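A.B. asks: Contents are mmCIF, C-alpha atoms; file name structure_26.cif:
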```
data_my_file
loop_
_atom_site.label_atom_id
_atom_site.label_comp_id
_atom_site.auth_asym_id
_atom_site.auth_seq_id
_atom_site.Cartn_x
_atom_site.Cartn_y
_atom_site.Cartn_z
CA MET A 1451 -2.30 -22.54 0.40
CA GLY A 1452 -1.07 -21.29 3.74
CA GLU A 1453 -3.02 -19.19 6.17
CA ALA A 1454 -3.15 -15.46 5.45
CA ILE A 1455 -0.66 -13.27 7.22
CA LYS A 1456 -2.22 -11.63 10.26
CA SER A 1457 -0.51 -8.29 9.83
CA ASN A 1458 -1.59 -6.67 13.09
CA GLU A 1459 -0.38 -9.63 15.15
CA LEU A 1460 2.99 -9.76 13.42
CA LYS A 1461 3.29 -5.96 13.34
CA LEU A 1462 4.24 -5.98 9.69
CA PRO A 1463 5.07 -2.61 8.09
CA LEU A 1464 2.46 -0.55 6.33
CA VAL A 1465 2.22 -0.88 2.55
CA SER A 1466 0.66 2.09 0.74
CA VAL A 1467 -1.22 1.12 -2.43
CA VAL A 1468 -1.93 4.05 -4.78
CA VAL A 1469 -4.77 3.62 -7.26
CA PRO A 1470 -5.35 6.42 -9.81
CA VAL A 1471 -9.03 6.42 -10.80
CA TYR A 1472 -10.41 7.84 -14.04
CA ASN A 1473 -13.36 6.62 -16.12
CA VAL A 1474 -13.09 2.96 -15.06
CA GLU A 1475 -16.53 2.35 -13.57
CA PRO A 1476 -16.90 -1.22 -14.96
CA TYR A 1477 -13.57 -2.31 -13.43
CA LEU A 1478 -13.11 -0.29 -10.25
CA CYS A 1479 -14.87 -2.60 -7.78
CA ARG A 1480 -12.96 -5.64 -9.01
CA CYS A 1481 -9.72 -3.73 -8.57
CA VAL A 1482 -10.41 -2.41 -5.07
CA ASP A 1483 -11.92 -5.69 -3.86
CA SER A 1484 -8.79 -7.55 -4.96
CA ILE A 1485 -6.65 -5.19 -2.86
CA LEU A 1486 -8.90 -5.47 0.19
CA ASP A 1487 -8.75 -9.26 -0.08
CA GLN A 1488 -4.96 -9.49 0.06
CA THR A 1489 -3.37 -11.98 2.43
CA TYR A 1490 -1.12 -9.10 3.51
CA GLN A 1491 -3.63 -6.95 5.37
CA ASN A 1492 -1.61 -4.03 6.77
CA LEU A 1493 -2.44 -1.79 3.85
CA GLU A 1494 -3.21 1.86 3.24
CA ILE A 1495 -5.26 2.05 0.04
CA ILE A 1496 -5.27 5.51 -1.56
CA LEU A 1497 -7.89 5.99 -4.28
CA VAL A 1498 -7.09 9.13 -6.25
CA ASP A 1499 -10.18 10.26 -8.15
CA ASP A 1500 -8.64 12.23 -11.00
CA GLY A 1501 -11.82 14.17 -11.80
CA SER A 1502 -13.48 11.07 -13.20
CA PRO A 1503 -16.65 11.95 -15.19
CA ASP A 1504 -18.49 8.68 -14.48
CA ASN A 1505 -19.73 7.14 -11.22
CA CYS A 1506 -16.21 6.38 -9.93
CA PRO A 1507 -16.14 9.24 -7.38
CA ALA A 1508 -19.29 7.92 -5.69
CA ILE A 1509 -17.96 4.35 -5.75
CA CYS A 1510 -14.74 5.51 -4.09
CA ASP A 1511 -16.72 7.29 -1.36
CA GLU A 1512 -18.74 4.14 -0.69
CA TYR A 1513 -15.55 2.14 -0.16
CA VAL A 1514 -14.37 4.58 2.52
CA LYS A 1515 -17.45 3.60 4.53
CA LYS A 1516 -16.64 -0.10 4.16
CA ASP A 1517 -13.00 -0.24 5.23
CA ALA A 1518 -10.91 2.09 7.39
CA ARG A 1519 -7.78 1.29 5.36
CA ILE A 1520 -9.15 3.21 2.38
CA LYS A 1521 -8.71 6.94 1.87
CA VAL A 1522 -10.04 8.88 -1.11
CA ILE A 1523 -8.61 11.99 -2.70
CA HIS A 1524 -10.83 13.90 -5.15
CA LYS A 1525 -8.95 16.24 -7.46
CA VAL A 1526 -9.28 18.12 -10.72
CA ASN A 1527 -8.23 16.01 -13.70
CA GLY A 1528 -4.48 16.19 -14.22
CA GLY A 1529 -3.66 12.87 -15.84
CA LEU A 1530 -2.17 9.60 -14.64
CA SER A 1531 1.19 10.99 -13.55
CA ASP A 1532 -0.38 13.76 -11.52
CA ALA A 1533 -2.76 11.31 -9.82
CA ARG A 1534 0.10 8.98 -8.88
CA ASN A 1535 2.13 11.90 -7.54
CA VAL A 1536 -0.76 13.09 -5.38
CA GLY A 1537 -1.18 9.55 -4.04
CA MET A 1538 2.53 9.27 -3.25
CA THR A 1539 2.45 12.55 -1.34
CA ALA A 1540 -0.40 11.24 0.81
CA ALA A 1541 1.24 7.84 1.40
CA ASN A 1542 2.38 6.94 4.92
CA GLY A 1543 3.74 3.43 4.35
CA ASP A 1544 7.31 2.18 4.42
CA PHE A 1545 6.53 0.40 1.16
CA LEU A 1546 4.76 1.66 -1.94
CA MET A 1547 2.78 -0.02 -4.70
CA PHE A 1548 0.85 1.30 -7.70
CA VAL A 1549 -2.21 -0.49 -9.07
CA ASP A 1550 -4.01 0.68 -12.21
CA SER A 1551 -7.74 0.85 -11.60
CA ASP A 1552 -8.66 -1.42 -14.52
CA ASP A 1553 -6.33 -4.16 -13.19
CA TRP A 1554 -6.59 -6.49 -10.22
CA LEU A 1555 -4.24 -8.37 -7.92
CA GLU A 1556 -4.00 -12.04 -7.17
CA LYS A 1557 -4.80 -12.74 -3.52
CA SER A 1558 -1.21 -13.15 -2.33
CA ALA A 1559 0.41 -10.55 -4.61
CA VAL A 1560 1.46 -8.06 -1.94
CA GLU A 1561 2.58 -10.79 0.44
CA CYS A 1562 4.71 -12.50 -2.21
CA LEU A 1563 6.38 -9.27 -3.28
CA TYR A 1564 7.00 -8.25 0.34
CA GLN A 1565 8.59 -11.60 1.19
CA LEU A 1566 10.66 -11.46 -1.99
CA LEU A 1567 11.86 -7.95 -1.15
CA LEU A 1568 12.91 -8.97 2.35
CA SER A 1569 14.50 -12.29 1.49
CA SER A 1570 16.63 -10.66 -1.22
CA ASN A 1571 17.32 -7.45 0.73
CA ALA A 1572 16.16 -5.64 -2.41
CA GLN A 1573 14.78 -2.16 -2.95
CA ILE A 1574 12.30 -3.11 -5.68
CA ALA A 1575 10.45 -6.40 -6.18
CA ILE A 1576 8.91 -6.97 -9.62
CA GLY A 1577 5.86 -9.19 -10.09
CA GLY A 1578 4.45 -10.86 -13.18
CA MET A 1579 1.29 -10.10 -15.10
CA GLN A 1580 -1.40 -11.69 -17.20
CA ARG A 1581 -3.30 -9.90 -19.94
CA VAL A 1582 -6.91 -11.07 -20.00
CA GLU A 1583 -9.56 -10.56 -22.69
CA ASP A 1584 -12.31 -8.37 -21.29
CA GLN A 1585 -15.38 -10.26 -22.45
CA THR A 1586 -14.20 -13.85 -22.10
CA ASN A 1587 -11.50 -13.73 -19.39
CA ARG A 1588 -9.30 -15.66 -21.82
CA ILE A 1589 -5.61 -15.23 -21.00
CA LEU A 1590 -3.93 -13.51 -23.94
CA LYS A 1591 -0.46 -13.15 -22.42
CA SER A 1592 1.13 -14.45 -19.25
CA ASP A 1593 4.47 -14.09 -17.48
CA PHE A 1594 3.86 -17.34 -15.60
CA ASP A 1595 5.11 -20.64 -17.02
CA GLY A 1596 4.46 -22.88 -14.02
CA THR A 1597 7.95 -22.50 -12.55
CA LYS A 1598 9.21 -20.25 -9.80
CA ASN A 1599 12.29 -18.59 -11.22
CA ILE A 1600 13.53 -15.79 -8.93
CA VAL A 1601 16.13 -13.48 -10.43
CA SER A 1602 18.18 -11.06 -8.33
CA MET A 1603 19.84 -8.21 -10.23
CA THR A 1604 22.23 -5.38 -9.48
CA ASN A 1605 21.05 -1.93 -10.51
CA SER A 1606 23.13 -2.05 -13.70
CA GLN A 1607 21.69 -5.45 -14.61
CA ALA A 1608 18.19 -4.10 -13.94
CA MET A 1609 18.91 -1.14 -16.21
CA GLU A 1610 19.96 -3.54 -18.98
CA GLU A 1611 16.72 -5.46 -18.46
CA PHE A 1612 14.76 -2.20 -18.76
CA PHE A 1613 16.41 -1.37 -22.11
CA ARG A 1614 15.56 -4.88 -23.37
CA ASN A 1615 11.99 -5.18 -22.14
CA GLY A 1616 10.75 -1.79 -20.89
CA CYS A 1617 8.97 -1.33 -17.58
CA ALA A 1618 5.79 -0.22 -15.83
CA ALA A 1619 5.09 1.43 -12.49
CA TRP A 1620 2.46 -1.17 -11.56
CA GLY A 1621 3.24 -4.74 -10.55
CA ARG A 1622 6.11 -3.69 -8.31
CA LEU A 1623 6.69 -3.17 -4.61
CA TYR A 1624 9.07 -0.34 -3.74
CA ARG A 1625 10.77 0.64 -0.55
CA ARG A 1626 9.25 4.06 -0.03
CA ASN A 1627 12.56 5.92 0.21
CA ILE A 1628 13.48 4.84 -3.34
CA HIS A 1629 10.75 7.15 -4.66
CA SER A 1630 11.60 10.07 -2.34
CA GLY A 1631 11.90 13.23 -4.42
CA ILE A 1632 11.21 11.39 -7.69
CA GLU A 1633 7.81 12.09 -9.23
CA PHE A 1634 6.17 11.00 -12.45
CA PRO A 1635 6.47 13.70 -15.15
CA VAL A 1636 3.08 15.32 -15.68
CA GLY A 1637 1.92 15.60 -19.27
CA GLU A 1638 4.48 13.18 -20.73
CA ILE A 1639 3.75 9.84 -22.37
CA ASN A 1640 5.61 6.74 -21.19
CA GLU A 1641 5.76 8.31 -17.74
CA ASP A 1642 6.94 5.04 -16.19
CA GLU A 1643 10.03 4.89 -18.37
CA ALA A 1644 10.86 8.54 -17.75
CA ILE A 1645 11.91 7.90 -14.14
CA VAL A 1646 12.95 4.25 -14.09
CA LEU A 1647 16.69 4.92 -14.43
CA LEU A 1648 16.54 7.41 -11.56
CA LEU A 1649 14.85 4.80 -9.37
CA LEU A 1650 17.18 1.97 -10.36
CA ASP A 1651 20.22 4.15 -9.71
CA ARG A 1652 19.15 4.21 -6.04
CA CYS A 1653 18.93 0.43 -5.81
CA ASN A 1654 21.51 -2.10 -4.77
CA ILE A 1655 19.32 -5.09 -5.63
CA VAL A 1656 16.21 -5.51 -7.78
CA VAL A 1657 14.44 -8.86 -7.64
CA GLN A 1658 11.80 -10.45 -9.85
#
```
Rewrite the structure from the file as structure tokens, please.
C.D. replies:
Amino acid sequence: MGEAIKSNELKLPLVSVVVPVYNVEPYLCRCVDSILDQTYQNLEIILVDDGSPDNCPAICDEYVKKDARIKVIHKVNGGLSDARNVGMTAANGDFLMFVDSDDWLEKSAVECLYQLLLSSNAQIAIGGMQRVEDQTNRILKSDFDGTKNIVSMTNSQAMEEFFRNGCAAWGRLYRRNIHSGIEFPVGEINEDEAIVLLLLDRCNIVVQ
């Protein structure tokens, strides 16, 4: 594997990573550590404590002491959409990513999505996922088949893909301006799907 990107030397743009946090104490450190350990280092990591009733608020505060790239927002519980919206408002990066706090990233995830976005001149880059059994770490589902198959889509093709397979907010890297003025609907289920067509309508190219 190649050497990690030295973001400060190359003056790469800032990527804001928004992590809503609620009642995920067993998983939070794994999640945050995986973001801190990215090969793409020019990150702003926004932990949004959504009034979590467990030890997550204290864990978030400890991470602020460990790394200057981390900021923590403590707020009254408002749900996942509200937490993501608060994180977006606080974001300063040219690029935006959402990570659920019970998930984690592979070491080169941000770098790969950033390079994919640039090489395709796309507005959204979509990554793959693996679903892992909690107790055994056994892979239950995987988007990876051992081949590197990059697909570039127009916005209409991406909309067709959404209607076939659905979507999620996480696992994607967005150009920040794509999300400008578009927030997740608070109090609604399937909040990701509620705004996906609005986002895709602003895209020329979506790559995965």
A.B. asks: Go ahead and compute the interatomic distance for CA of Pro1507 in chain A and CA of Ile1520 in chain A, in Å to one decimal.
C.D. replies: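 Between CA of Pro1507 in chain A and CA of Ile1520 in chain A the gap works out to 13.4 Å.
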A.B. asks: What does the distance from CA of Asp1499 in chain A to CA of Ile1632 in chain A come to in Å, to one decimal?
C.D. replies: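 A separation of 21.4 Å between them.
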A.B. asks: Any chance you could resolve the PyMOL selection byres ((chain A and resi 1554-1556) around 7) against this file and give the residues as a short mmCIF file (atom, residue, chain, number, x, y, z; two decimals) with C-alpha atoms, in the frame of the given file?
C.D. replies:
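Everything below was put into result_27.cif:
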```cif
data_model
loop_
_atom_site.label_atom_id
_atom_site.label_comp_id
_atom_site.auth_asym_id
_atom_site.auth_seq_id
_atom_site.Cartn_x
_atom_site.Cartn_y
_atom_site.Cartn_z
CA ARG A 1480 -12.96 -5.64 -9.01
CA CYS A 1481 -9.72 -3.73 -8.57
CA SER A 1484 -8.79 -7.55 -4.96
CA ILE A 1485 -6.65 -5.19 -2.86
CA ASP A 1552 -8.66 -1.42 -14.52
CA ASP A 1553 -6.33 -4.16 -13.19
CA LYS A 1557 -4.80 -12.74 -3.52
CA SER A 1558 -1.21 -13.15 -2.33
CA ALA A 1559 0.41 -10.55 -4.61
#
```
A.B. asks: Name every residue that the PyMOL selection byres ((chain A and resi 1510) around 10) selects in this structure, writing the answer as a list in words with chains first and numbers rising.
C.D. replies: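 Checked against the file, the PyMOL selection byres ((chain A and resi 1510) around 10) matches Val1471, Leu1478, Cys1479, Val1482, Ile1496, Leu1497, Val1498, Asp1499, Asn1505, Cys1506, Pro1507, Ala1508, Ile1509, Asp1511, Glu1512, Tyr1513, Val1514, Lys1515, Ile1520, Lys1521, Val1522, Ile1523 and His1524 of chain A.
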A.B. asks: So the first atom is CA of Asn1535 in chain A and the second is CA of Ile1628 in chain A; what is the distance between them in Å, to one decimal place?
C.D. replies: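 So the answer is 14.0 Å.
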A.B. asks: I need the output of the PyMOL selection byres ((chain A and resi 1574) around 10) for this file as a list of chain:residue names; which residues are they?
C.D. replies: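 That expression, the PyMOL selection byres ((chain A and resi 1574) around 10), corresponds here to A:Phe1545, A:Leu1546, A:Leu1563, A:Tyr1564, A:Leu1566, A:Leu1567, A:Leu1568, A:Ser1570, A:Asn1571, A:Ala1572, A:Gln1573, A:Ala1575, A:Ile1576, A:Gly1577, A:Arg1622, A:Leu1623, A:Tyr1624, A:Arg1625, A:Arg1626, A:Ile1628, A:Leu1649, A:Leu1650, A:Cys1653, A:Asn1654, A:Ile1655, A:Val1656, A:Val1657, A:Gln1658.
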A.B. asks: Hey, what's within 9 Å of range 1609-1613 of chain A if we count all atoms listed in the file and toss same-chain stuff fewer than 5 positions away? As an NGL selection string, please?
C.D. replies: :A and (1604 or 1643 or 1646-1647 or 1650-1651)
A.B. asks: I want to know what sits within 10 Å of range 1635-1642 of chain A, based on only C-alpha atoms, with residues of the same chain fewer than 4 positions away left out; could you give that as a list in words?
C.D. replies: Gly1528, Gly1529, Leu1530, Ser1531, Asp1532, Ala1533, Arg1534, Asn1535, Gly1616, Cys1617, Ala1618, Ala1619, Trp1620, Val1646 and Leu1647 of chain A
A.B. asks: Rank nothing, just name the residue among A:Glu1561, A:Val1467, A:Glu1633, A:Phe1548 nearest to Tyr1490 in chain A, using all atoms listed in the file.
C.D. replies: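 Closest to Tyr1490 in chain A of all the choices is A:Glu1561.
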